[in-house]
Structure formats: structure tokens, C-alpha cells
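Below is the file my_file.cif, which contains mmCIF, C-alpha atoms and all ligand atoms.
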```
data_model
loop_
_atom_site.label_atom_id
_atom_site.label_comp_id
_atom_site.auth_asym_id
_atom_site.auth_seq_id
_atom_site.Cartn_x
_atom_site.Cartn_y
_atom_site.Cartn_z
CA MET A 1 0.00 0.00 0.00
CA LYS A 2 1.27 3.47 -0.93
CA GLY A 3 2.29 5.52 2.10
CA LEU A 4 1.06 9.07 2.57
CA SER A 5 3.00 12.18 3.36
CA LEU A 6 1.46 13.12 6.70
CA ALA A 7 1.81 16.04 9.12
CA ILE A 8 0.72 16.35 12.75
CA VAL A 9 0.23 19.96 13.82
CA GLY A 10 0.31 20.14 17.63
CA ALA A 11 2.42 16.98 17.81
CA THR A 12 3.83 17.80 21.28
CA GLY A 13 0.38 18.16 22.89
CA LEU A 14 -1.62 15.50 24.72
CA VAL A 15 -3.69 14.66 21.64
CA GLY A 16 -0.77 14.97 19.20
CA ARG A 17 1.37 12.51 21.18
CA GLU A 18 -1.57 10.10 21.34
CA MET A 19 -1.93 10.39 17.54
CA LEU A 20 1.69 9.32 17.08
CA GLY A 21 1.07 6.18 19.16
CA ILE A 22 -2.20 5.34 17.38
CA LEU A 23 -0.74 5.80 13.87
CA LYS A 24 2.00 3.34 14.80
CA GLU A 25 -0.34 0.83 16.49
CA ARG A 26 -2.73 0.77 13.53
CA GLY A 27 0.04 0.58 10.92
CA PHE A 28 -1.17 3.70 9.10
CA PRO A 29 0.73 3.79 5.78
CA ILE A 30 3.17 6.73 5.95
CA SER A 31 5.85 7.69 3.44
CA GLN A 32 6.94 10.80 5.36
CA LEU A 33 5.86 12.17 8.74
CA ARG A 34 6.34 15.85 9.63
CA LEU A 35 5.71 17.21 13.12
CA PHE A 36 4.76 20.80 13.95
CA ALA A 37 4.21 22.66 17.21
CA SER A 38 4.77 26.13 18.64
CA GLU A 39 8.09 27.93 18.56
CA ARG A 40 8.94 26.77 22.07
CA SER A 41 9.13 23.15 20.80
CA THR A 42 11.05 23.80 17.59
CA GLY A 43 13.99 21.40 17.38
CA LEU A 44 12.64 19.01 20.02
CA THR A 45 12.55 15.39 18.85
CA LEU A 46 9.74 12.88 19.32
CA PRO A 47 10.17 9.13 18.77
CA PHE A 48 8.15 7.43 16.03
CA LYS A 49 8.88 3.79 15.26
CA SER A 50 12.69 3.58 15.06
CA GLU A 51 13.22 7.27 14.28
CA ASN A 52 13.49 10.47 16.25
CA LEU A 53 11.56 13.14 14.36
CA GLU A 54 12.35 16.80 14.76
CA VAL A 55 9.54 19.22 15.57
CA GLU A 56 9.26 22.07 13.05
CA ARG A 57 7.81 25.57 13.14
CA LEU A 58 4.69 26.57 11.22
CA GLU A 59 5.60 28.99 8.44
CA ALA A 60 4.67 29.82 4.85
CA GLY A 61 5.27 26.85 2.56
CA CYS A 62 5.71 24.33 5.40
CA PHE A 63 2.90 22.09 4.10
CA ARG A 64 4.28 21.77 0.56
CA GLY A 65 4.36 18.06 -0.28
CA VAL A 66 2.09 17.13 2.66
CA GLU A 67 -0.98 15.13 1.55
CA LEU A 68 -2.80 14.89 4.88
CA ALA A 69 -2.45 17.18 7.93
CA LEU A 70 -3.91 16.22 11.31
CA PHE A 71 -4.38 19.44 13.31
CA SER A 72 -4.47 19.22 17.07
CA THR A 73 -3.83 22.73 18.32
CA GLY A 74 -6.21 25.38 19.62
CA VAL A 75 -8.93 27.08 17.59
CA GLN A 76 -6.85 30.10 16.58
CA VAL A 77 -3.94 28.09 15.19
CA SER A 78 -6.38 25.97 13.16
CA LEU A 79 -8.16 29.06 11.85
CA ASP A 80 -4.82 30.60 10.88
CA TYR A 81 -3.04 27.57 9.40
CA ALA A 82 -5.62 25.01 8.17
CA PRO A 83 -6.50 27.20 5.14
CA GLN A 84 -2.77 27.54 4.41
CA ALA A 85 -2.32 23.75 4.58
CA GLN A 86 -5.22 23.34 2.14
CA ARG A 87 -3.79 25.96 -0.22
CA GLU A 88 -0.45 24.14 -0.17
CA GLY A 89 -2.19 20.89 -1.18
CA ALA A 90 -2.99 19.02 2.05
CA VAL A 91 -6.34 17.66 3.19
CA VAL A 92 -6.91 18.71 6.83
CA VAL A 93 -8.53 16.77 9.67
CA ASP A 94 -9.03 19.34 12.43
CA ASN A 95 -9.54 18.57 16.11
CA SER A 96 -10.41 22.09 17.19
CA ALA A 97 -13.84 23.71 17.39
CA GLY A 98 -12.81 26.20 14.67
CA PHE A 99 -14.69 24.71 11.71
CA ARG A 100 -17.07 22.12 13.18
CA MET A 101 -20.30 23.96 12.59
CA GLU A 102 -19.35 25.46 9.22
CA PRO A 103 -21.71 24.38 6.46
CA GLY A 104 -19.86 22.22 3.95
CA VAL A 105 -17.36 20.92 6.55
CA PRO A 106 -18.17 17.29 7.42
CA LEU A 107 -18.21 16.57 11.16
CA VAL A 108 -17.65 12.87 11.40
CA ILE A 109 -17.76 9.94 13.79
CA PRO A 110 -16.74 7.05 11.51
CA GLU A 111 -19.11 4.53 13.16
CA ILE A 112 -22.08 6.90 12.68
CA ASN A 113 -21.85 9.16 9.61
CA PRO A 114 -18.92 7.98 7.43
CA LEU A 115 -20.89 8.83 4.27
CA ASP A 116 -20.53 12.55 5.09
CA LEU A 117 -16.88 12.17 4.09
CA GLU A 118 -17.96 11.79 0.47
CA ASP A 119 -18.66 15.53 0.45
CA GLN A 120 -15.29 16.54 1.93
CA ARG A 121 -13.64 19.45 0.16
CA GLY A 122 -10.24 19.41 1.79
CA LEU A 123 -11.28 19.91 5.44
CA VAL A 124 -12.95 17.49 7.84
CA ALA A 125 -13.73 18.35 11.46
CA ASN A 126 -13.36 15.98 14.39
CA PRO A 127 -16.22 16.40 16.90
CA ASN A 128 -15.87 17.43 20.53
CA CYS A 129 -14.75 14.66 22.90
CA SER A 130 -17.94 14.67 24.99
CA THR A 131 -20.09 14.57 21.82
CA ILE A 132 -18.26 11.56 20.37
CA GLN A 133 -18.71 9.27 23.36
CA MET A 134 -22.32 10.32 23.97
CA LEU A 135 -23.34 9.75 20.34
CA LEU A 136 -21.55 6.43 20.02
CA ALA A 137 -23.71 5.13 22.90
CA LEU A 138 -26.86 6.96 21.82
CA ASN A 139 -26.91 6.16 18.09
CA PRO A 140 -27.87 2.45 18.22
CA ILE A 141 -30.81 3.39 20.46
CA HIS A 142 -31.70 6.31 18.19
CA GLN A 143 -31.73 4.04 15.12
CA ALA A 144 -34.11 1.64 16.86
CA ALA A 145 -36.43 3.95 18.78
CA GLU A 146 -35.71 7.60 17.77
CA VAL A 147 -34.24 9.64 20.57
CA GLU A 148 -36.24 12.85 21.04
CA ARG A 149 -34.61 14.36 24.11
CA VAL A 150 -31.27 13.90 25.83
CA PHE A 151 -30.49 15.03 29.38
CA VAL A 152 -26.77 14.72 30.02
CA SER A 153 -24.43 15.65 32.86
CA THR A 154 -20.74 15.30 32.12
CA TYR A 155 -17.79 14.66 34.41
CA GLN A 156 -14.86 15.72 32.23
CA SER A 157 -11.20 15.15 33.04
CA VAL A 158 -8.56 17.86 32.95
CA SER A 159 -6.71 16.28 29.99
CA GLY A 160 -9.62 17.57 27.91
CA THR A 161 -8.11 21.04 28.39
CA GLY A 162 -4.58 20.01 27.40
CA GLN A 163 -1.16 19.67 28.96
CA ASP A 164 -1.25 22.90 31.03
CA ALA A 165 -4.41 21.74 32.82
CA TRP A 166 -2.83 18.35 33.56
CA GLU A 167 0.07 20.20 35.21
CA GLU A 168 -2.33 22.48 37.10
CA LEU A 169 -4.17 19.55 38.69
CA THR A 170 -0.85 17.90 39.62
CA LYS A 171 0.53 21.07 41.17
CA GLN A 172 -2.63 22.07 43.02
CA SER A 173 -3.07 18.56 44.47
CA ARG A 174 0.54 18.60 45.70
CA ASP A 175 0.15 22.11 47.14
CA LEU A 176 -3.06 21.27 49.00
CA LEU A 177 -1.64 18.06 50.48
CA ARG A 178 1.33 20.12 51.74
CA GLY A 179 -0.98 22.71 53.28
CA ARG A 180 -0.25 25.39 50.67
CA LYS A 181 -2.88 27.56 49.03
CA PRO A 182 -3.27 26.54 45.36
CA LYS A 183 -3.13 29.16 42.60
CA PRO A 184 -5.50 28.67 39.65
CA TYR A 185 -4.01 29.70 36.29
CA VAL A 186 -5.74 27.51 33.66
CA TYR A 187 -9.21 27.23 35.22
CA PRO A 188 -11.11 30.12 36.83
CA HIS A 189 -11.20 28.31 40.22
CA GLN A 190 -9.26 25.63 42.10
CA ILE A 191 -9.74 22.27 40.30
CA ALA A 192 -7.98 19.94 42.78
CA PHE A 193 -10.45 18.41 45.30
CA ASN A 194 -13.20 20.43 43.64
CA LEU A 195 -15.38 20.45 40.51
CA LEU A 196 -16.28 23.27 38.17
CA PRO A 197 -19.71 23.52 36.49
CA GLN A 198 -18.25 25.60 33.67
CA ILE A 199 -16.49 24.41 30.50
CA GLY A 200 -15.93 27.35 28.17
CA ASN A 201 -17.59 30.74 28.31
CA PHE A 202 -21.28 31.26 29.13
CA ASN A 203 -23.67 32.69 26.53
CA PRO A 204 -26.27 35.33 27.54
CA LYS A 205 -28.74 32.56 28.42
CA GLY A 206 -26.22 30.93 30.78
CA HIS A 207 -25.26 27.91 28.66
CA SER A 208 -21.54 27.10 28.52
CA ALA A 209 -19.69 26.68 25.22
CA GLU A 210 -19.30 22.94 25.88
CA GLU A 211 -23.05 22.55 26.49
CA ILE A 212 -23.80 24.32 23.21
CA LYS A 213 -21.28 22.15 21.34
CA LEU A 214 -22.99 18.98 22.61
CA ALA A 215 -26.38 20.15 21.34
CA GLN A 216 -25.29 21.60 17.99
CA GLU A 217 -22.85 18.82 17.06
CA THR A 218 -25.47 16.16 17.88
CA GLU A 219 -27.90 17.74 15.39
CA LYS A 220 -25.23 17.99 12.69
CA ILE A 221 -23.81 14.46 13.05
CA LEU A 222 -27.23 12.77 13.25
CA HIS A 223 -28.72 15.03 10.52
CA ASN A 224 -31.60 15.64 12.88
CA GLN A 225 -32.83 19.08 13.93
CA ARG A 226 -35.58 17.65 16.18
CA ILE A 227 -33.33 16.04 18.79
CA LYS A 228 -32.98 18.27 21.86
CA VAL A 229 -29.95 18.05 24.15
CA TYR A 230 -30.09 19.49 27.69
CA ALA A 231 -26.51 19.39 28.97
CA THR A 232 -24.70 20.35 32.15
CA THR A 233 -20.97 20.00 31.61
CA VAL A 234 -18.64 19.76 34.58
CA ARG A 235 -14.85 19.65 34.89
CA VAL A 236 -13.73 17.18 37.56
CA PRO A 237 -10.31 16.51 39.15
CA VAL A 238 -9.69 13.33 37.12
CA PHE A 239 -6.62 13.28 34.88
CA ARG A 240 -7.89 11.22 31.98
CA GLY A 241 -11.27 9.80 30.90
CA HIS A 242 -14.59 11.59 30.57
CA SER A 243 -17.79 10.22 32.16
CA GLU A 244 -21.38 11.07 31.30
CA ALA A 245 -24.74 10.37 32.96
CA VAL A 246 -27.13 10.23 30.00
CA THR A 247 -30.95 10.10 30.14
CA LEU A 248 -32.69 9.47 26.82
CA GLN A 249 -36.36 9.99 26.02
CA THR A 250 -37.32 7.97 22.95
CA ARG A 251 -40.35 8.09 20.64
CA GLU A 252 -40.77 4.29 20.69
CA ARG A 253 -40.48 2.33 23.91
CA LEU A 254 -37.27 0.33 24.33
CA THR A 255 -36.62 -1.77 27.41
CA ALA A 256 -33.28 -1.79 29.20
CA SER A 257 -32.65 -5.35 28.02
CA GLN A 258 -33.39 -4.38 24.40
CA ALA A 259 -30.98 -1.42 24.73
CA LYS A 260 -28.30 -3.74 26.16
CA GLU A 261 -28.79 -6.17 23.29
CA LEU A 262 -28.37 -3.34 20.75
CA LEU A 263 -25.30 -1.92 22.49
CA SER A 264 -23.68 -5.35 22.84
CA HIS A 265 -23.37 -5.47 19.02
CA ALA A 266 -22.67 -1.78 18.40
CA PRO A 267 -19.30 -0.85 16.87
CA GLY A 268 -16.88 0.88 19.20
CA ILE A 269 -18.92 0.06 22.33
CA LYS A 270 -18.02 -2.18 25.26
CA LEU A 271 -21.09 -3.05 27.30
CA MET A 272 -20.50 -3.54 31.03
CA GLU A 273 -23.12 -5.03 33.30
CA GLY A 274 -24.13 -4.93 36.97
CA GLU A 275 -21.50 -3.79 39.42
CA ASP A 276 -18.86 -4.09 36.73
CA TYR A 277 -19.64 -0.52 35.69
CA PRO A 278 -17.30 1.73 33.70
CA LEU A 279 -14.74 3.86 35.56
CA PRO A 280 -12.46 6.55 34.13
CA ILE A 281 -9.39 4.68 35.39
CA ASP A 282 -10.46 1.63 33.36
CA CYS A 283 -10.91 3.48 30.07
CA VAL A 284 -7.38 4.88 29.84
CA GLY A 285 -5.62 3.59 26.72
CA ARG A 286 -8.75 1.79 25.46
CA ASP A 287 -10.40 2.43 22.13
CA GLU A 288 -13.96 1.50 23.07
CA VAL A 289 -16.58 3.69 24.71
CA LEU A 290 -17.62 1.88 27.89
CA VAL A 291 -21.36 1.81 28.66
CA GLY A 292 -22.98 0.53 31.85
CA ARG A 293 -25.71 1.18 34.45
CA ILE A 294 -28.38 0.81 31.74
CA ARG A 295 -31.86 1.15 33.22
CA GLU A 296 -35.36 2.08 32.13
CA GLY A 297 -38.07 4.41 33.46
CA GLU A 298 -41.73 3.64 34.06
CA GLU A 299 -43.50 1.96 31.13
CA GLU A 300 -45.28 5.05 29.78
CA GLU A 301 -42.19 7.29 30.02
CA ASN A 302 -39.94 5.84 27.26
CA ILE A 303 -36.87 6.69 29.32
CA LEU A 304 -33.46 4.99 29.28
CA GLN A 305 -30.52 5.90 31.48
CA LEU A 306 -26.87 5.12 30.78
CA TRP A 307 -23.43 5.74 32.25
CA VAL A 308 -20.88 6.34 29.49
CA VAL A 309 -17.09 6.53 29.97
CA ALA A 310 -14.34 6.96 27.36
CA ASP A 311 -10.71 7.95 26.99
CA ASN A 312 -11.06 11.56 25.77
CA LEU A 313 -7.55 11.55 24.31
CA ARG A 314 -8.24 8.43 22.21
CA LYS A 315 -11.82 7.99 20.94
CA GLY A 316 -12.60 11.55 22.03
CA ALA A 317 -9.81 12.99 19.88
CA ALA A 318 -6.78 11.17 18.40
CA LEU A 319 -8.36 7.83 17.52
CA ASN A 320 -11.43 9.38 15.89
CA ALA A 321 -9.15 11.64 13.79
CA VAL A 322 -6.99 8.69 12.69
CA GLN A 323 -10.12 6.67 11.81
CA ILE A 324 -11.25 9.60 9.62
CA ALA A 325 -7.80 9.66 8.02
CA GLU A 326 -8.08 5.91 7.32
CA LEU A 327 -11.38 6.46 5.54
CA ILE A 328 -10.16 9.29 3.32
CA LYS A 329 -6.57 8.15 2.64
CA ASP A 330 -7.37 6.03 -0.42
CA LYS A 331 -9.00 8.97 -2.17
CA LEU A 332 -6.03 11.33 -1.77
N1 LIG A 401 -7.61 16.89 25.00
C1 LIG A 401 -8.76 16.41 24.54
O1 LIG A 401 -9.39 15.52 25.14
C2 LIG A 401 -9.34 16.92 23.26
C3 LIG A 401 -10.44 16.29 22.75
C4 LIG A 401 -11.00 16.76 21.56
C5 LIG A 401 -10.42 17.83 20.94
N2 LIG A 401 -9.32 18.44 21.47
C6 LIG A 401 -8.75 19.57 20.79
O2 LIG A 401 -7.47 19.22 20.29
C7 LIG A 401 -6.61 20.36 20.34
C8 LIG A 401 -5.33 20.03 21.11
O3 LIG A 401 -5.64 19.59 22.40
P1 LIG A 401 -4.51 19.07 23.41
O4 LIG A 401 -5.26 18.55 24.56
O5 LIG A 401 -3.52 18.18 22.73
O6 LIG A 401 -3.79 20.46 23.81
P2 LIG A 401 -2.32 20.68 24.40
O7 LIG A 401 -1.87 19.49 25.17
O8 LIG A 401 -2.37 21.99 25.07
O9 LIG A 401 -1.40 20.79 23.09
C9 LIG A 401 -1.51 21.86 22.20
C10 LIG A 401 -0.59 21.65 21.01
O10 LIG A 401 -0.71 22.78 20.14
C11 LIG A 401 0.60 23.34 19.93
N3 LIG A 401 0.51 24.78 19.75
C12 LIG A 401 0.06 25.71 20.61
N4 LIG A 401 0.17 26.95 20.09
C13 LIG A 401 0.73 26.79 18.86
C14 LIG A 401 1.12 27.67 17.83
N5 LIG A 401 0.96 28.99 17.96
N6 LIG A 401 1.67 27.15 16.69
C15 LIG A 401 1.85 25.83 16.57
N7 LIG A 401 1.49 24.93 17.51
C16 LIG A 401 0.94 25.41 18.64
C17 LIG A 401 1.35 23.00 21.19
O11 LIG A 401 2.73 23.09 20.96
P3 LIG A 401 3.77 23.37 22.18
O12 LIG A 401 3.89 22.08 22.93
O13 LIG A 401 5.00 23.74 21.46
O14 LIG A 401 3.18 24.48 22.99
C18 LIG A 401 0.89 21.56 21.40
O15 LIG A 401 1.57 20.70 20.51
C19 LIG A 401 -7.46 21.49 20.93
O16 LIG A 401 -8.08 22.22 19.88
C20 LIG A 401 -8.51 20.76 21.70
O17 LIG A 401 -9.68 21.51 21.86
C21 LIG A 401 -8.75 17.99 22.61
#
```
As C-alpha cells - that is how I would like this structure written.
Amino acid sequence: MKGLSLAIVGATGLVGREMLGILKERGFPISQLRLFASERSTGLTLPFKSENLEVERLEAGCFRGVELALFSTGVQVSLDYAPQAQREGAVVVDNSAGFRMEPGVPLVIPEINPLDLEDQRGLVANPNCSTIQMLLALNPIHQAAEVERVFVSTYQSVSGTGQDAWEELTKQSRDLLRGRKPKPYVYPHQIAFNLLPQIGNFNPKGHSAEEIKLAQETEKILHNQRIKVYATTVRVPVFRGHSEAVTLQTRERLTASQAKELLSHAPGIKLMEGEDYPLPIDCVGRDEVLVGRIREGEEEENILQLWVVADNLRKGAALNAVQIAELIKDKL
């Protein structure tokens, strides 16, 4: 199989480093791999297979010869450099929120809407981590019984904010255990031994950016404007792995055992039963979205409740992006 000339932009970050591992594990065909990050990392080397690859700086012309660029930086870097990468001939898969809701940009979870990739015009967006795991668990139920309303509370780990937040939780935990007052610098309040019911800025109606992403991305990925998502998103002092308590109201009645049967065959899902429920510490390094605590409401209510846990750095980000790359690589 012909290898591709590939670039990872944001290669030194939590998601970028995970991408390197996943590309190697899955044997993604690569003829040349280029790594980019900010100026502070220029010249650093990262191991890939038997090589040590040097991290380069983003500059005009840097994407010449690159066929596929996986972006895993913040919104502004994607907005500034993804169009440049496209102009220089690369197809971009972007992890940031910069382009997700743009008409004409496919927003793809490969197990759910791979056909949207047929319309790709050089830029594909990777959904938000909390959206990916929720929809992977919700979609088999939606296909069988049409989900009308979703009530979700999230418990999101600090790795979802990147490497600085990981360091902040480490430092604050150490400070508090030593009796020192912690200083917040990434989050607006202390995160260690606490939780924060705010992920992103609030809009005038009081919804956070993360809550809005969950609702809007769900509509776009499922091609369904009727589905309503009522989210409360919460940052918790867990390093890695997002958890979600999801309540679904369906048009048709589905029992808990029917939902379990559906989920037991669903791609990308690991069903867990009884007291063997999913925990964030168990999802680290795993590809599947773990689903447990499945239960139903009263007969006339058409309610199902689930507990959904996934590794936000893998299926929530790097793995989903690599799966998209696998689907588009043969057409490049
Ligand atoms: N973490 C998650 O669970 C998750 C899930 C879904 C989507 N995402 C999205 O993925 C992106 C990366 O997340 P992350 O967690 O990996 O963040 P991170 O750990 O903070 O890493 C950010 C990366 O971007 C690079 N970068 C920052 N400013 C840059 C600039 N001006 N020019 C070039 N590179 C620059 C950094 O390079 P240096 O190391 O040199 O600073 C680093 O490689 C974000 O858009 C995030 O929203 C993350």
C-alpha cells in the first residue's frame, strides 16, 4: 500500500502525542511524517517507530508536499493555518472547534456518519470529545427507537483542556496536600479536590460553550434538527477519561434489556453489566466507549438511562481523527 506524506500539527500536545502512538499501532501507511508545534518546541525530537523526528515551526510553505495534515492545536492556530495547509495541497482533519459547525465541513464519527466524508472538500472536522462518546452510545438506540430528548451531565477530566491543565491539577493537588494555598491559572477556580460547572464561556442565556457544542454537534452528526440536548458540563479533578450520565427519552419504547442487546453489538462500544460498571481509570488507553448502568423508566415514560465513559484523548480525539484519516486516505 502506498504511504502518505502526513503532518501532525500540535504533535507535542496531549492529543498529538496520542496520535503518534495510534498511527504506529494501527500501521497507518506513511511515506513521510512531519511534526509541527509552537516555537517553544522547535527542534525538540519525538520518537516514532525507530526514528526520532524533529519538531518544526509553522511557516509559509511548510505544508508543501504534505498530503494529509492532522491538526491538534487550539482554535486560533487551526483558523490561521488550516487554510494555508489546504492551499499548499494538504487535506486537513481538524480537532479544534474552529470549523465544526461550518456548512460544507463534514463533522464525522466514523461509526455513525462515514458517508458525510464523500462531500469533503479538503477539510474534515473531528467532533468534541464529549459529543463523540455520547453519540456512540446513543446512536444504536436512536436508530431503533428515535431519541427525542437527551439530558446529560458530564464529568470531564482535565486532559480535555490540554497539557497545562494536567500540570495544574498535579501542582494544586501537591500544594493542597502540603498545606499550601493553590493558585489557579488555567481554570477560573481551584480544580484539585473540587469540581467546576463551567467548561468554556457562558452565553447570555447561561449555557456554557461545551453545552452548546454537545447540542449543535449532535444535530449535525445525526442530521436531525428535532433532537434536543439538555446538557450540564462539569470539569472534575480526574486526569484522563470523561464520564457522562445520559438520560434518553425515545419516541418508541425500548426496554433496558433491548438497549443492552443493541449496544452489545454496536461498533466501538463495550457493554458492562451490573457492578462491573465503567470507571475513568479503566478506560485509559482503550479504544472502546464503555457503557454501563443501563436502566429504564416507568412503562409510559420511554426513558433509558446510561453511564458512558471513554478515553477523551483516544476515541474523544486522536483515535477518531486517525479513523477519519483511514477512511479518506485512499481517495487522496
Ligand atoms: N484533549 C482532549 O481531550 C481533546 C479532545 C478533543 C479535541 N481536542 C482539541 O485538540 C486540540 C489540542 O488539544 P490538546 O489537549 O492536545 O492540547 P495541548 O496538550 O495543550 O497541546 C496543544 C498543542 O498545540 C501546539 N501549539 C500551541 N500553540 C501553537 C502555535 N501557535 N503554533 C503551533 N502549535 C501550537 C502545542 O505546541 P507546544 O507544545 O510547542 O506548545 C501543542 O503541541 C485542541 O483544539 C482541543 O480543543 C482535545
Query raised in the report: Neighbours of range 83-90 of chain A within 6 Å (all atoms listed in the file; same-chain residues fewer than 2 positions away dropped), as a ChimeraX atom specification?
Result: /A:63-64,66-68,81
How big is the axis-aligned box around the listed atoms of ligand LIG 401 (chain A) once 5 Å is added on each side, and where is its centre? Give both in Å to one decimal, as lines of an AutoDock Vina configuration file.
```
center_x = -3.0
center_y = 22.3
center_z = 20.9
size_x = 26.0
size_y = 23.5
size_z = 18.6
```
**Report entry** At most 6 Å from ligand LIG 401 (chain A) (all atoms listed in the file): residue list as a ChimeraX atom specification
**Finding:** /A:10-16,37-41,72-75,77,95-96,128-129,159-163,312-313,316-317
**Report entry** Residues within 8 Å of range 140-148 of chain A, only C-alpha atoms, excluding chain neighbours under 2 positions, as a ChimeraX atom specification
**Finding:** /A:136-138,150,226-228,248-254,259,262-263,266
Can you write out as a tab-separated table which residues of range 215-306 of chain A fall within 9 Å of range 164-171 of chain A, alongside each residue's closest atom pair and its distance in Å to one decimal, counting only C-alpha atoms and ordering rows by chain and ascending residue number?
```
residue	atom	partner	partner_atom	distance
A:Pro237	CA	A:Leu169	CA	6.9
A:Val238	CA	A:Leu169	CA	8.5
A:Phe239	CA	A:Trp166	CA	6.5
A:Arg240	CA	A:Trp166	CA	8.9
```
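The nearest approach to Phe202 in chain A among the residues A:Thr233, A:Gln216, A:Phe151, A:Ile328, with all atoms listed in the file taken into account, belongs to A:Thr233.
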Report task. Please provide as a list in words all residues within 9 Å of Glu217 in chain A, with the sequence filter that same-chain residues fewer than 3 positions apart are discarded (counting all atoms listed in the file). Result ->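 Skipping anything fewer than 3 positions along the chain leaves Arg100, Met101, Leu107, Pro127, Asn128, Thr131, Ile212, Lys213, Leu214, Lys220, Ile221 and Leu222 of chain A.
The spacing separating CA of Val92 in chain A from CA of Ser5 in chain A amounts to 12.4 Å.
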Query raised in the report: Nearest to Val93 in chain A among A:Asn126, A:Asp116, A:Ala60, A:Lys260, with distances taken over all atoms listed in the file: which residue is it?
Result: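 For Val93 in chain A, the nearest of the candidates is A:Asn126.
Between Thr232 in chain A and the residues A:Ala325, A:Val246, A:Val158, A:Leu176, the shortest atom-to-atom distance, using all atoms listed in the file, involves A:Val246.
Of the listed residues (A:Val289, A:Val284, A:Val152, A:Leu6), A:Val289 comes nearest to Asn320 in chain A; the distances count all atoms listed in the file.
Between CA of Thr45 in chain A and CA of Glu326 in chain A lies a distance of 25.5 Å.
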Query raised in the report: Quick one: residues within 12 Å of Leu279 in chain A, only C-alpha atoms counted, chain neighbours fewer than 5 positions away excluded, as a ChimeraX atom specification?
Result: /A:155,238,240-244,272,284,286,289-293,307-311
Any chance you could export the current selection's C-alpha atoms as a PDB file, in the frame of the given file?
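Final output, saved to out_28.pdb:
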```
ATOM      1  CA  TYR A 155     -17.790  14.660  34.410  1.00  0.00           C
ATOM      2  CA  VAL A 238      -9.690  13.330  37.120  1.00  0.00           C
ATOM      3  CA  ARG A 240      -7.890  11.220  31.980  1.00  0.00           C
ATOM      4  CA  GLY A 241     -11.270   9.800  30.900  1.00  0.00           C
ATOM      5  CA  HIS A 242     -14.590  11.590  30.570  1.00  0.00           C
ATOM      6  CA  SER A 243     -17.790  10.220  32.160  1.00  0.00           C
ATOM      7  CA  GLU A 244     -21.380  11.070  31.300  1.00  0.00           C
ATOM      8  CA  MET A 272     -20.500  -3.540  31.030  1.00  0.00           C
ATOM      9  CA  VAL A 284      -7.380   4.880  29.840  1.00  0.00           C
ATOM     10  CA  ARG A 286      -8.750   1.790  25.460  1.00  0.00           C
ATOM     11  CA  VAL A 289     -16.580   3.690  24.710  1.00  0.00           C
ATOM     12  CA  LEU A 290     -17.620   1.880  27.890  1.00  0.00           C
ATOM     13  CA  VAL A 291     -21.360   1.810  28.660  1.00  0.00           C
ATOM     14  CA  GLY A 292     -22.980   0.530  31.850  1.00  0.00           C
ATOM     15  CA  ARG A 293     -25.710   1.180  34.450  1.00  0.00           C
ATOM     16  CA  TRP A 307     -23.430   5.740  32.250  1.00  0.00           C
ATOM     17  CA  VAL A 308     -20.880   6.340  29.490  1.00  0.00           C
ATOM     18  CA  VAL A 309     -17.090   6.530  29.970  1.00  0.00           C
ATOM     19  CA  ALA A 310     -14.340   6.960  27.360  1.00  0.00           C
ATOM     20  CA  ASP A 311     -10.710   7.950  26.990  1.00  0.00           C
TER      21      ASP A 311
END
```
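Closest approach to Ala318 in chain A from the set A:Gly297, A:Gly21, A:Pro182, A:Gly61 is made by A:Gly21, with distances taken over only C-alpha atoms.
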Report task. One decimal, Å: what's the distance from CA of Ala256 in chain A over to CA of Asn302 in chain A, could you say? Result ->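 These two atoms are separated by 10.3 Å.
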Requested in this report: Between A:Pro278, A:Pro188, A:Gly65, A:Gly206, single out the one closest to Arg235 in chain A, counting all atoms listed in the file.
Outcome: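 Among A:Pro278, A:Pro188, A:Gly65, A:Gly206, it is A:Pro188 that comes nearest to Arg235 in chain A.
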Could range 258-272 of chain A be completed with N, CA and C atoms and returned as a CSV table (one decimal), in the coordinates of the input?
```csv
chain,number,residue,atom,x,y,z
A,258,GLN,N,-33.5,-4.6,25.9
A,258,GLN,CA,-33.4,-4.4,24.4
A,258,GLN,C,-32.2,-3.4,24.1
A,259,ALA,N,-32.1,-2.4,24.9
A,259,ALA,CA,-31.0,-1.4,24.7
A,259,ALA,C,-29.6,-2.1,24.9
A,260,LYS,N,-29.6,-3.0,25.9
A,260,LYS,CA,-28.3,-3.7,26.2
A,260,LYS,C,-28.0,-4.6,25.0
A,261,GLU,N,-29.0,-5.3,24.4
A,261,GLU,CA,-28.8,-6.2,23.3
A,261,GLU,C,-28.2,-5.4,22.1
A,262,LEU,N,-28.8,-4.2,21.9
A,262,LEU,CA,-28.4,-3.3,20.8
A,262,LEU,C,-26.9,-2.9,21.0
A,263,LEU,N,-26.6,-2.5,22.2
A,263,LEU,CA,-25.3,-1.9,22.5
A,263,LEU,C,-24.2,-3.0,22.5
A,264,SER,N,-24.7,-4.3,22.8
A,264,SER,CA,-23.7,-5.4,22.8
A,264,SER,C,-23.1,-5.6,21.4
A,265,HIS,N,-23.9,-5.2,20.4
A,265,HIS,CA,-23.4,-5.5,19.0
A,265,HIS,C,-22.9,-4.2,18.4
A,266,ALA,N,-23.0,-3.1,19.1
A,266,ALA,CA,-22.7,-1.8,18.4
A,266,ALA,C,-21.2,-1.6,18.2
A,267,PRO,N,-20.7,-1.1,17.1
A,267,PRO,CA,-19.3,-0.8,16.9
A,267,PRO,C,-18.7,0.2,17.8
A,268,GLY,N,-17.6,-0.1,18.4
A,268,GLY,CA,-16.9,0.9,19.2
A,268,GLY,C,-17.4,0.9,20.6
A,269,ILE,N,-18.3,0.0,21.0
A,269,ILE,CA,-18.9,0.1,22.3
A,269,ILE,C,-18.5,-1.2,23.1
A,270,LYS,N,-18.2,-1.0,24.4
A,270,LYS,CA,-18.0,-2.2,25.3
A,270,LYS,C,-19.1,-2.1,26.3
A,271,LEU,N,-20.0,-3.0,26.3
A,271,LEU,CA,-21.1,-3.0,27.3
A,271,LEU,C,-20.6,-3.7,28.6
A,272,MET,N,-20.9,-3.0,29.7
A,272,MET,CA,-20.5,-3.5,31.0
A,272,MET,C,-21.8,-3.7,31.9
```
